[in-house]
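Reproduced below: entry-v7.cif, with mmCIF, C-alpha atoms and all ligand atoms.
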```
data_run
#
loop_
_atom_site.group_PDB
_atom_site.id
_atom_site.type_symbol
_atom_site.label_atom_id
_atom_site.label_comp_id
_atom_site.auth_asym_id
_atom_site.auth_seq_id
_atom_site.Cartn_x
_atom_site.Cartn_y
_atom_site.Cartn_z
ATOM 1 C CA MET I 1 -4.995 1.398 31.388
ATOM 2 C CA PRO I 2 -2.967 3.561 28.946
ATOM 3 C CA ARG I 3 -4.431 6.997 28.125
ATOM 4 C CA GLY I 4 -2.768 7.013 24.746
ATOM 5 C CA ILE I 5 -0.725 5.055 22.222
ATOM 6 C CA THR I 6 1.596 6.273 19.489
ATOM 7 C CA VAL I 7 2.362 3.973 16.565
ATOM 8 C CA ARG I 8 4.269 4.268 13.329
ATOM 9 C CA ALA I 9 2.623 3.207 10.091
ATOM 10 C CA PHE I 10 5.381 2.357 7.605
ATOM 11 C CA ALA I 11 5.094 2.755 3.840
ATOM 12 C CA LYS I 12 5.681 -0.102 1.389
ATOM 13 C CA ILE I 13 7.053 -0.434 -2.081
ATOM 14 C CA ASN I 14 6.221 -3.251 -4.515
ATOM 15 C CA LEU I 15 9.507 -4.804 -5.631
ATOM 16 C CA ASP I 16 7.513 -6.477 -8.406
ATOM 17 C CA LEU I 17 3.856 -6.802 -9.342
ATOM 18 C CA GLN I 18 2.245 -9.217 -11.808
ATOM 19 C CA VAL I 19 -1.385 -8.856 -12.795
ATOM 20 C CA LEU I 20 -2.526 -12.400 -13.580
ATOM 21 C CA GLY I 21 -6.085 -11.649 -14.637
ATOM 22 C CA ILE I 22 -9.432 -10.355 -13.518
ATOM 23 C CA ARG I 23 -11.461 -12.060 -10.784
ATOM 24 C CA PRO I 24 -15.207 -12.644 -10.673
ATOM 25 C CA ASP I 25 -15.442 -9.991 -7.911
ATOM 26 C CA GLY I 26 -13.961 -7.362 -10.271
ATOM 27 C CA TYR I 27 -10.635 -7.236 -8.430
ATOM 28 C CA HIS I 28 -7.421 -8.408 -10.093
ATOM 29 C CA GLU I 29 -5.497 -11.539 -9.304
ATOM 30 C CA LEU I 30 -2.000 -10.460 -8.287
ATOM 31 C CA ARG I 31 1.387 -11.786 -7.437
ATOM 32 C CA THR I 32 3.469 -9.098 -5.796
ATOM 33 C CA THR I 33 6.475 -8.727 -3.515
ATOM 34 C CA PHE I 34 5.932 -6.151 -0.792
ATOM 35 C CA GLN I 35 8.803 -4.450 1.012
ATOM 36 C CA SER I 36 8.621 -2.155 4.058
ATOM 37 C CA VAL I 37 10.545 1.109 4.086
ATOM 38 C CA ALA I 38 11.236 3.436 7.010
ATOM 39 C CA LEU I 39 9.155 6.343 5.649
ATOM 40 C CA SER I 40 6.149 6.422 7.980
ATOM 41 C CA ASP I 41 3.049 8.193 9.210
ATOM 42 C CA VAL I 42 2.853 8.644 12.977
ATOM 43 C CA LEU I 43 -0.526 8.033 14.608
ATOM 44 C CA THR I 44 -1.288 9.062 18.184
ATOM 45 C CA PHE I 45 -4.446 7.667 19.764
ATOM 46 C CA THR I 46 -5.576 9.587 22.852
ATOM 47 C CA LYS I 47 -8.562 8.882 25.053
ATOM 48 C CA THR I 48 -10.765 11.963 25.026
ATOM 49 C CA ARG I 49 -14.355 12.801 25.847
ATOM 50 C CA GLY I 50 -16.886 13.007 23.048
ATOM 51 C CA PRO I 51 -17.073 11.580 19.555
ATOM 52 C CA PHE I 52 -14.320 9.765 17.634
ATOM 53 C CA ARG I 53 -12.103 12.338 15.963
ATOM 54 C CA ILE I 54 -9.297 12.292 13.395
ATOM 55 C CA GLU I 55 -6.940 15.281 13.285
ATOM 56 C CA CYS I 56 -4.281 16.009 10.693
ATOM 57 C CA ASP I 57 -2.266 19.090 9.770
ATOM 58 C CA ASP I 58 -2.687 18.245 6.069
ATOM 59 C CA PRO I 59 -6.038 19.760 4.989
ATOM 60 C CA ALA I 60 -6.222 17.310 2.045
ATOM 61 C CA PHE I 61 -6.373 14.358 4.449
ATOM 62 C CA PRO I 62 -10.010 13.278 4.966
ATOM 63 C CA THR I 63 -10.975 13.203 8.638
ATOM 64 C CA ASP I 64 -14.519 11.868 8.246
ATOM 65 C CA ARG I 65 -16.012 8.365 8.093
ATOM 66 C CA SER I 66 -14.526 7.799 4.624
ATOM 67 C CA ASN I 67 -11.059 7.544 6.192
ATOM 68 C CA LEU I 68 -9.779 3.966 6.628
ATOM 69 C CA ILE I 69 -8.745 4.882 10.194
ATOM 70 C CA TRP I 70 -12.422 5.448 11.013
ATOM 71 C CA LYS I 71 -13.452 2.224 9.262
ATOM 72 C CA ALA I 72 -10.730 0.308 11.132
ATOM 73 C CA ALA I 73 -12.072 1.692 14.434
ATOM 74 C CA GLU I 74 -15.545 0.408 13.500
ATOM 75 C CA ARG I 75 -14.025 -3.022 12.725
ATOM 76 C CA VAL I 76 -12.336 -3.180 16.138
ATOM 77 C CA LEU I 77 -15.641 -2.398 17.843
ATOM 78 C CA ARG I 78 -17.334 -5.110 15.813
ATOM 79 C CA LEU I 79 -14.652 -7.585 16.891
ATOM 80 C CA SER I 80 -15.247 -6.562 20.499
ATOM 81 C CA ARG I 81 -18.942 -7.443 19.965
ATOM 82 C CA ARG I 82 -19.780 -3.874 21.009
ATOM 83 C CA ARG I 83 -22.131 -2.577 18.384
ATOM 84 C CA ASP I 84 -21.886 1.112 19.237
ATOM 85 C CA ILE I 85 -20.162 3.692 17.057
ATOM 86 C CA PRO I 86 -16.544 4.670 17.807
ATOM 87 C CA ALA I 87 -16.199 7.380 20.488
ATOM 88 C CA GLY I 88 -13.862 8.601 23.202
ATOM 89 C CA VAL I 89 -10.668 8.646 21.100
ATOM 90 C CA THR I 90 -8.883 11.341 19.111
ATOM 91 C CA VAL I 91 -6.400 10.157 16.493
ATOM 92 C CA HIS I 92 -3.706 12.618 15.536
ATOM 93 C CA VAL I 93 -2.066 11.770 12.213
ATOM 94 C CA GLU I 94 1.343 13.076 11.220
ATOM 95 C CA LYS I 95 0.994 12.433 7.496
ATOM 96 C CA ASN I 96 4.352 11.836 5.853
ATOM 97 C CA ILE I 97 3.395 9.235 3.226
ATOM 98 C CA PRO I 98 1.948 10.986 0.161
ATOM 99 C CA MET I 99 -1.593 9.973 -0.754
ATOM 100 C CA GLN I 100 -2.427 8.195 -4.045
ATOM 101 C CA SER I 101 1.235 7.320 -4.479
ATOM 102 C CA GLY I 102 1.229 3.499 -4.384
ATOM 103 C CA LEU I 103 3.119 3.555 -1.086
ATOM 104 C CA GLY I 104 0.197 2.147 0.907
ATOM 105 C CA GLY I 105 -0.171 5.040 3.362
ATOM 106 C CA GLY I 106 -3.938 4.668 3.851
ATOM 107 C CA SER I 107 -3.703 0.880 4.207
ATOM 108 C CA SER I 108 -0.799 1.145 6.639
ATOM 109 C CA ASP I 109 -2.748 3.688 8.749
ATOM 110 C CA ALA I 110 -5.651 1.213 8.812
ATOM 111 C CA ALA I 111 -3.462 -1.689 9.990
ATOM 112 C CA ALA I 112 -1.839 0.562 12.617
ATOM 113 C CA THR I 113 -5.317 1.543 13.850
ATOM 114 C CA LEU I 114 -6.365 -2.115 14.182
ATOM 115 C CA ARG I 115 -3.266 -2.796 16.292
ATOM 116 C CA ALA I 116 -3.513 0.360 18.416
ATOM 117 C CA LEU I 117 -7.231 0.248 19.176
ATOM 118 C CA THR I 118 -7.269 -3.460 20.078
ATOM 119 C CA LEU I 119 -4.655 -2.510 22.692
ATOM 120 C CA LEU I 120 -6.276 0.741 23.840
ATOM 121 C CA TRP I 121 -9.770 -0.756 24.059
ATOM 122 C CA ARG I 122 -8.432 -4.100 25.323
ATOM 123 C CA VAL I 123 -10.165 -6.136 22.668
ATOM 124 C CA LYS I 124 -9.061 -9.760 22.605
ATOM 125 C CA VAL I 125 -8.683 -10.890 18.988
ATOM 126 C CA SER I 126 -6.973 -13.808 17.317
ATOM 127 C CA ASP I 127 -4.453 -13.200 14.518
ATOM 128 C CA ALA I 128 -6.933 -14.760 12.081
ATOM 129 C CA GLU I 129 -9.703 -12.331 13.158
ATOM 130 C CA LEU I 130 -7.347 -9.392 12.775
ATOM 131 C CA ARG I 131 -6.239 -10.539 9.301
ATOM 132 C CA HIS I 132 -9.860 -10.990 8.283
ATOM 133 C CA ALA I 133 -10.758 -7.485 9.496
ATOM 134 C CA ALA I 134 -7.711 -6.119 7.645
ATOM 135 C CA ALA I 135 -8.700 -7.793 4.344
ATOM 136 C CA ALA I 136 -12.212 -6.346 4.643
ATOM 137 C CA LEU I 137 -10.693 -2.844 4.865
ATOM 138 C CA GLY I 138 -8.583 -3.120 1.695
ATOM 139 C CA ALA I 139 -6.481 -5.486 -0.383
ATOM 140 C CA ASP I 140 -3.140 -4.162 0.934
ATOM 141 C CA VAL I 141 -4.076 -3.903 4.615
ATOM 142 C CA PRO I 142 -3.206 -7.526 5.679
ATOM 143 C CA TYR I 143 0.369 -7.017 4.436
ATOM 144 C CA PHE I 144 0.840 -4.168 6.898
ATOM 145 C CA LEU I 145 0.131 -6.502 9.817
ATOM 146 C CA GLU I 146 3.112 -8.536 8.585
ATOM 147 C CA GLY I 147 5.767 -6.065 7.330
ATOM 148 C CA GLY I 148 9.247 -6.792 5.946
ATOM 149 C CA THR I 149 9.536 -8.681 2.658
ATOM 150 C CA ALA I 150 6.406 -10.650 1.804
ATOM 151 C CA LEU I 151 4.577 -12.177 -1.140
ATOM 152 C CA GLY I 152 0.988 -11.161 -1.823
ATOM 153 C CA PHE I 153 -1.459 -13.313 -3.810
ATOM 154 C CA HIS I 154 -5.167 -13.110 -4.699
ATOM 155 C CA ARG I 155 -6.123 -9.411 -4.385
ATOM 156 C CA GLY I 156 -2.750 -8.919 -2.676
ATOM 157 C CA ASP I 157 -4.427 -9.849 0.611
ATOM 158 C CA LEU I 158 -3.125 -13.418 0.920
ATOM 159 C CA VAL I 159 0.283 -12.737 2.410
ATOM 160 C CA PHE I 160 3.262 -15.042 2.902
ATOM 161 C CA PRO I 161 6.326 -13.729 4.714
ATOM 162 C CA LEU I 162 9.595 -14.217 2.799
ATOM 163 C CA ALA I 163 13.187 -14.109 4.023
ATOM 164 C CA ASP I 164 14.014 -10.391 4.247
ATOM 165 C CA ILE I 165 16.003 -8.951 1.333
ATOM 166 C CA ALA I 166 19.495 -7.580 2.008
ATOM 167 C CA PRO I 167 19.221 -4.040 3.450
ATOM 168 C CA ALA I 168 19.122 -1.344 0.781
ATOM 169 C CA TRP I 169 18.631 2.402 0.468
ATOM 170 C CA VAL I 170 15.538 3.495 -1.381
ATOM 171 C CA VAL I 171 15.069 6.726 -3.310
ATOM 172 C CA ILE I 172 11.357 7.398 -3.686
ATOM 173 C CA VAL I 173 10.151 10.113 -6.049
ATOM 174 C CA VAL I 174 6.470 11.013 -5.941
ATOM 175 C CA PRO I 175 5.406 13.133 -8.948
ATOM 176 C CA GLU I 176 2.932 15.979 -8.448
ATOM 177 C CA PHE I 177 -0.041 13.921 -9.642
ATOM 178 C CA GLY I 178 -1.641 10.982 -7.848
ATOM 179 C CA VAL I 179 -2.970 7.791 -9.457
ATOM 180 C CA SER I 180 -6.216 6.148 -8.383
ATOM 181 C CA THR I 181 -5.674 2.394 -7.967
ATOM 182 C CA LYS I 182 -9.085 1.699 -9.436
ATOM 183 C CA GLU I 183 -8.282 3.747 -12.513
ATOM 184 C CA ALA I 184 -4.859 2.123 -13.011
ATOM 185 C CA PHE I 185 -6.464 -1.338 -13.032
ATOM 186 C CA ALA I 186 -9.088 -0.091 -15.517
ATOM 187 C CA TRP I 187 -6.232 1.085 -17.777
ATOM 188 C CA TRP I 188 -4.678 -2.381 -17.478
ATOM 189 C CA ASP I 189 -8.048 -3.944 -18.436
ATOM 190 C CA ALA I 190 -8.307 -1.705 -21.500
ATOM 191 C CA ALA I 191 -4.730 -2.512 -22.572
ATOM 192 C CA HIS I 192 -5.426 -6.242 -22.306
ATOM 193 C CA GLY I 193 -8.720 -6.296 -24.146
ATOM 194 C CA LEU I 194 -10.758 -6.888 -21.021
ATOM 195 C CA VAL I 195 -14.234 -5.453 -20.829
ATOM 196 C CA ARG I 196 -16.686 -5.297 -17.984
ATOM 197 C CA ARG I 197 -20.266 -5.981 -18.948
ATOM 198 C CA ASP I 198 -22.369 -2.885 -18.215
ATOM 199 C CA GLY I 199 -19.426 -1.575 -16.198
ATOM 200 C CA GLN I 200 -20.592 -3.799 -13.353
ATOM 201 C CA LYS I 201 -18.106 -4.863 -10.720
ATOM 202 C CA GLY I 202 -17.540 -8.577 -10.695
ATOM 203 C CA ARG I 203 -18.529 -9.069 -14.331
ATOM 204 C CA GLY I 204 -15.104 -9.127 -15.896
ATOM 205 C CA ARG I 205 -14.654 -10.992 -19.141
ATOM 206 C CA ARG I 206 -11.475 -11.736 -20.940
ATOM 207 C CA GLU I 207 -11.530 -11.306 -24.713
ATOM 208 C CA GLY I 208 -9.133 -13.332 -26.822
ATOM 209 C CA GLN I 209 -7.228 -16.434 -25.925
ATOM 210 C CA ASP I 210 -6.055 -16.552 -22.386
ATOM 211 C CA GLY I 211 -2.784 -18.321 -23.137
ATOM 212 C CA ARG I 212 -1.856 -15.973 -25.959
ATOM 213 C CA ASP I 213 -2.651 -12.927 -23.816
ATOM 214 C CA ARG I 214 -0.448 -14.239 -21.072
ATOM 215 C CA LEU I 215 2.479 -14.837 -23.391
ATOM 216 C CA GLU I 216 2.097 -11.364 -24.853
ATOM 217 C CA GLY I 217 1.852 -10.035 -21.326
ATOM 218 C CA ARG I 218 5.123 -11.719 -20.475
ATOM 219 C CA SER I 219 7.033 -10.170 -23.374
ATOM 220 C CA ARG I 220 5.509 -6.782 -22.589
ATOM 221 C CA ARG I 221 6.597 -7.272 -18.989
ATOM 222 C CA HIS I 222 10.142 -7.737 -20.180
ATOM 223 C CA GLU I 223 10.040 -4.315 -21.823
ATOM 224 C CA ALA I 224 7.996 -2.558 -19.191
ATOM 225 C CA GLY I 225 9.809 -3.617 -16.023
ATOM 226 C CA ALA I 226 8.918 -5.543 -12.921
ATOM 227 C CA ASN I 227 5.523 -3.951 -12.407
ATOM 228 C CA ASP I 228 2.727 -4.808 -14.864
ATOM 229 C CA LEU I 229 0.943 -1.541 -14.084
ATOM 230 C CA GLN I 230 3.980 0.544 -15.001
ATOM 231 C CA ALA I 231 3.400 0.513 -18.769
ATOM 232 C CA VAL I 232 -0.244 1.596 -18.529
ATOM 233 C CA VAL I 233 0.504 4.326 -15.971
ATOM 234 C CA ALA I 234 3.571 5.528 -17.933
ATOM 235 C CA LYS I 235 1.438 5.767 -21.083
ATOM 236 C CA ARG I 236 -0.626 8.500 -19.358
ATOM 237 C CA HIS I 237 2.289 9.905 -17.363
ATOM 238 C CA PRO I 238 5.555 9.583 -19.367
ATOM 239 C CA ILE I 239 7.529 11.081 -16.446
ATOM 240 C CA VAL I 240 7.347 7.590 -14.873
ATOM 241 C CA THR I 241 9.608 6.078 -17.568
ATOM 242 C CA LYS I 242 11.966 9.038 -17.281
ATOM 243 C CA LEU I 243 12.260 8.653 -13.510
ATOM 244 C CA VAL I 244 12.906 4.889 -13.727
ATOM 245 C CA ARG I 245 15.639 5.535 -16.331
ATOM 246 C CA THR I 246 17.268 8.322 -14.321
ATOM 247 C CA LEU I 247 17.364 6.189 -11.159
ATOM 248 C CA THR I 248 18.899 3.266 -13.067
ATOM 249 C CA THR I 249 21.447 5.484 -14.816
ATOM 250 C CA HIS I 250 22.513 6.904 -11.467
ATOM 251 C CA GLY I 251 23.242 3.636 -9.740
ATOM 252 C CA ALA I 252 19.949 1.959 -8.775
ATOM 253 C CA PHE I 253 20.224 -1.825 -9.097
ATOM 254 C CA HIS I 254 16.446 -1.978 -9.408
ATOM 255 C CA ALA I 255 13.921 0.760 -10.225
ATOM 256 C CA SER I 256 10.171 0.601 -10.783
ATOM 257 C CA LEU I 257 6.762 2.110 -10.244
ATOM 258 C CA SER I 258 5.372 1.208 -6.795
ATOM 259 C CA GLY I 259 1.902 -0.355 -6.833
ATOM 260 C CA SER I 260 -0.299 1.678 -9.137
ATOM 261 C CA GLY I 261 1.902 4.773 -8.638
ATOM 262 C CA SER I 262 2.499 7.576 -8.897
ATOM 263 C CA ALA I 263 5.638 6.895 -6.793
ATOM 264 C CA VAL I 264 8.741 5.583 -8.524
ATOM 265 C CA PHE I 265 11.550 4.067 -6.472
ATOM 266 C CA GLY I 266 15.139 2.985 -6.963
ATOM 267 C CA LEU I 267 17.118 0.587 -4.752
ATOM 268 C CA PHE I 268 20.761 1.347 -3.939
ATOM 269 C CA ARG I 269 23.432 -0.523 -2.035
ATOM 270 C CA ARG I 270 25.114 2.647 -0.758
ATOM 271 C CA ARG I 271 23.503 5.544 1.023
ATOM 272 C CA SER I 272 25.846 8.126 -0.536
ATOM 273 C CA VAL I 273 24.939 6.985 -4.062
ATOM 274 C CA ALA I 274 21.229 7.068 -3.165
ATOM 275 C CA GLN I 275 21.603 10.591 -1.792
ATOM 276 C CA ALA I 276 23.414 11.762 -4.921
ATOM 277 C CA ALA I 277 20.623 10.367 -7.128
ATOM 278 C CA ALA I 278 17.991 11.988 -4.873
ATOM 279 C CA ARG I 279 19.732 15.364 -5.201
ATOM 280 C CA LEU I 280 19.344 15.134 -8.975
ATOM 281 C CA LEU I 281 15.636 14.459 -8.582
ATOM 282 C CA SER I 282 15.156 16.716 -5.578
ATOM 283 C CA GLY I 283 11.694 18.046 -4.854
ATOM 284 C CA PRO I 284 9.282 18.266 -1.957
ATOM 285 C CA ARG I 285 8.267 14.648 -2.480
ATOM 286 C CA THR I 286 11.640 12.950 -2.927
ATOM 287 C CA PHE I 287 12.681 10.677 -0.046
ATOM 288 C CA VAL I 288 15.781 8.666 0.817
ATOM 289 C CA THR I 289 14.821 5.918 3.228
ATOM 290 C CA PRO I 290 16.175 2.490 4.197
ATOM 291 C CA THR I 291 14.318 -0.775 3.695
ATOM 292 C CA LEU I 292 13.067 -2.324 6.941
ATOM 293 C CA ASP I 293 13.231 -5.990 7.787
ATOM 294 C CA ARG I 294 10.270 -7.607 9.506
ATOM 295 C CA LYS I 295 11.815 -7.594 12.960
ATOM 296 C CA ARG I 296 12.743 -3.888 12.882
ATOM 297 C CA CYS I 297 9.428 -3.035 11.296
ATOM 298 C CA ARG I 298 7.552 -4.613 14.206
ATOM 299 C CA ARG I 299 9.879 -3.228 16.878
ATOM 300 C CA LEU I 300 9.716 0.319 15.510
ATOM 301 C CA ALA I 301 5.977 0.226 14.817
ATOM 302 C CA ALA I 302 5.261 0.552 18.559
ATOM 303 C CA LYS I 303 6.947 3.920 18.863
HETATM 304 O O1 LIG U 1 -8.772 -2.829 -1.901
HETATM 305 P P1 LIG U 1 -8.609 -1.394 -2.241
HETATM 306 O O2 LIG U 1 -9.759 -0.551 -1.755
HETATM 307 O O3 LIG U 1 -7.287 -0.841 -1.805
HETATM 308 O O4 LIG U 1 -8.603 -1.300 -3.833
HETATM 309 C C1 LIG U 1 -8.938 -0.118 -4.521
HETATM 310 C C2 LIG U 1 -9.438 -0.459 -5.925
HETATM 311 O O5 LIG U 1 -8.355 -0.996 -6.699
HETATM 312 C C3 LIG U 1 -10.489 -1.531 -5.959
HETATM 313 O O6 LIG U 1 -11.774 -0.987 -5.845
HETATM 314 C C4 LIG U 1 -10.286 -2.177 -7.321
HETATM 315 O O7 LIG U 1 -10.933 -1.429 -8.313
HETATM 316 C C5 LIG U 1 -8.786 -2.038 -7.543
HETATM 317 N N1 LIG U 1 -8.048 -3.284 -7.210
HETATM 318 C C6 LIG U 1 -8.103 -4.355 -8.102
HETATM 319 N N2 LIG U 1 -7.415 -5.507 -7.822
HETATM 320 C C7 LIG U 1 -6.655 -5.608 -6.701
HETATM 321 C C8 LIG U 1 -6.572 -4.534 -5.790
HETATM 322 C C9 LIG U 1 -7.285 -3.378 -6.083
HETATM 323 O O8 LIG U 1 -8.798 -4.281 -9.125
HETATM 324 N N3 LIG U 1 -5.992 -6.751 -6.468
#
```

Just give me the structure as structure tokens.
Amino acid sequence: MPRGITVRAFAKINLDLQVLGIRPDGYHELRTTFQSVALSDVLTFTKTRGPFRIECDDPAFPTDRSNLIWKAAERVLRLSRRRDIPAGVTVHVEKNIPMQSGLGGGSSDAAATLRALTLLWRVKVSDAELRHAAAALGADVPYFLEGGTALGFHRGDLVFPLADIAPAWVVIVVPEFGVSTKEAFAWWDAAHGLVRRDGQKGRGRREGQDGRDRLEGRSRRHEAGANDLQAVVAKRHPIVTKLVRTLTTHGAFHASLSGSGSAVFGLFRRRSVAQAAARLLSGPRTFVTPTLDRKRCRRLAAK
């Protein structure tokens, strides 16, 4: 039986993201294209005595029960039909993916934990059970069991693998501020005349004609780029528009906000051009990283 397992949890970017409307459960109906990139957190699971522990050098990283790693551990135990609370494992997290950036770091850590702990604790689970557990942890988590290029529907949790895109270099710039996903969707609601009765989750109501809203949404999309959340995030944080423009001016063949931000990315054919653009935008949270196809993503995930 292994004493420990080290896994890589890769970040994602959203090549595009359409918000199609609000769902009865308060979430938003999406159509998005996910893409893995090589930027990753590294998680080491070691069998230890005593309670379940999460360790991280970054003091801003929560190490208590609120962390999705902890919740994923609870899910694995539930799947094993053992009802007890997680214990006997310390998880060390090398946190490289900035938090609240739209790069899916927390969700990727959760998916990596599901994979690692089913192995370490020898829990037999079907793919369907694992996907179900992933969706219960968060809308983006099922994608991270898949990797590569994939389409996400519903809350983003219904995932269909696509043929991988041609390899590209990605410049990712994460501004100093973070964006809460919940808040970004609330901004989208406000911009589209959607109100929630009594602020209650699951009570979304669309005001105005659906068809007209959609058409208007489409023309706005044309102006605002491939990500429907970009316009509402850029309205509060104009740096987003500036970053997208700079990346495009300096050779990106596609540039956009990722998820609900705050990260902005640009795709480049050539590494040298990507590096030159990154130098212009250099800062502690600027990354140059290749896209990862599904096969490499899976091979490299088991470090
Ligand atoms: O699923 P997750 O916890 O990552 O989502 C965070 C928040 O983002 C949700 O509570 C919800 O407010 C919002 N969200 C949404 N529609 C989605 C995904 C997330 O409204 N498809």

Evaluate the PyMOL selection byres (((chain I and resi 14) around 8) and not hetatm) and report residues as a ChimeraX atom specification = /I:12-13,15-17,32-35,227,257-259

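Note that CA of Phe177 (chain I) and CA of Gly26 (chain I) are 25.4 Å apart.
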
Quick one: apply the PyMOL selection byres (((chain I and resi 236) around 12) and not hetatm) to the file and drop the selected residues here as a PyMOL selection string.
-> chain I and resi 177-179+183-184+187-188+229-235+237-241+261-262

Please, what distance in Å, to one decimal, runs between CA of Pro86 (chain I) and CA of Arg49 (chain I)?
->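 It comes out at 11.6 Å.
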
Could you produce a table of the residues of chain I lying within 7 Å of ligand LIG 1 (chain U), with the nearest pair of atoms per residue and their separation in Å rounded to one decimal, using only C-alpha atoms and all ligand atoms, ordered by chain and increasing residue number, as JSON lines?
```
{"residue": "I:Gly26", "atom": "CA", "partner": "U:LIG1", "partner_atom": "O8", "distance": 6.1}
{"residue": "I:Tyr27", "atom": "CA", "partner": "U:LIG1", "partner_atom": "O8", "distance": 3.5}
{"residue": "I:His28", "atom": "CA", "partner": "U:LIG1", "partner_atom": "N2", "distance": 3.7}
{"residue": "I:Glu29", "atom": "CA", "partner": "U:LIG1", "partner_atom": "N3", "distance": 5.6}
{"residue": "I:Leu30", "atom": "CA", "partner": "U:LIG1", "partner_atom": "N3", "distance": 5.7}
{"residue": "I:Gly138", "atom": "CA", "partner": "U:LIG1", "partner_atom": "O1", "distance": 3.6}
{"residue": "I:Ala139", "atom": "CA", "partner": "U:LIG1", "partner_atom": "O1", "distance": 3.8}
{"residue": "I:Asp140", "atom": "CA", "partner": "U:LIG1", "partner_atom": "O3", "distance": 6.0}
{"residue": "I:His154", "atom": "CA", "partner": "U:LIG1", "partner_atom": "N3", "distance": 6.7}
{"residue": "I:Arg155", "atom": "CA", "partner": "U:LIG1", "partner_atom": "N3", "distance": 3.4}
{"residue": "I:Gly156", "atom": "CA", "partner": "U:LIG1", "partner_atom": "N3", "distance": 5.4}
{"residue": "I:Thr181", "atom": "CA", "partner": "U:LIG1", "partner_atom": "O5", "distance": 4.5}
{"residue": "I:Lys182", "atom": "CA", "partner": "U:LIG1", "partner_atom": "O7", "distance": 3.8}
{"residue": "I:Phe185", "atom": "CA", "partner": "U:LIG1", "partner_atom": "O8", "distance": 5.4}
```

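Against this structure, the PyMOL selection byres (((chain I and resi 284) around 12) and not hetatm) ends up with Asn96, Ile97, Pro98, Ile172, Val173, Val174, Pro175, Glu176, Ala278, Arg279, Leu281, Ser282, Gly283, Arg285, Thr286, Phe287 and Val288 of chain I.
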
Proximity to Phe268 (chain I) - best of I:Phe253, I:Phe153, I:Phe52, I:Phe45, only C-alpha atoms = I:Phe253

In terms of the shortest atom-to-atom distance over all atoms listed in the file, which of I:Leu162, I:Leu119, I:Leu300, I:Leu194 is closest to Val37 (chain I)?
->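 With all atoms listed in the file as the atom set, the closest residue is I:Leu300.
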
State, in Å with one decimal place, the distance from CA of Ala252 (chain I) to CA of Gly266 (chain I).
-> 5.2 Å

From I:Leu77, I:Ala110, I:Val7, I:Val93, residue lying nearest Cys56 (chain I) [all atoms listed in the file] |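 Counting all atoms listed in the file, the residue closest to Cys56 (chain I) is I:Val93.
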
Check the smallest atom-to-atom distance from each of I:Ser80, I:Ala263, I:Ala38, I:Ala186 to Ser126 (chain I) using all atoms listed in the file, then report the winner.
->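 Among I:Ser80, I:Ala263, I:Ala38, I:Ala186, it is I:Ser80 that comes nearest to Ser126 (chain I).
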
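Each of I:Asn67, I:Thr291, I:Thr44, I:Gln18 was checked against Trp169 (chain I) using only C-alpha atoms; the smallest atom-to-atom distance is that of I:Thr291.
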
Ile69 (chain I): which residues within 8 Å, counting all atoms listed in the file, same-chain residues fewer than 6 positions away excluded, as a list in words?
->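 Counting only the stated atoms, we get Gly106, Asp109, Ala110 and Thr113 of chain I.
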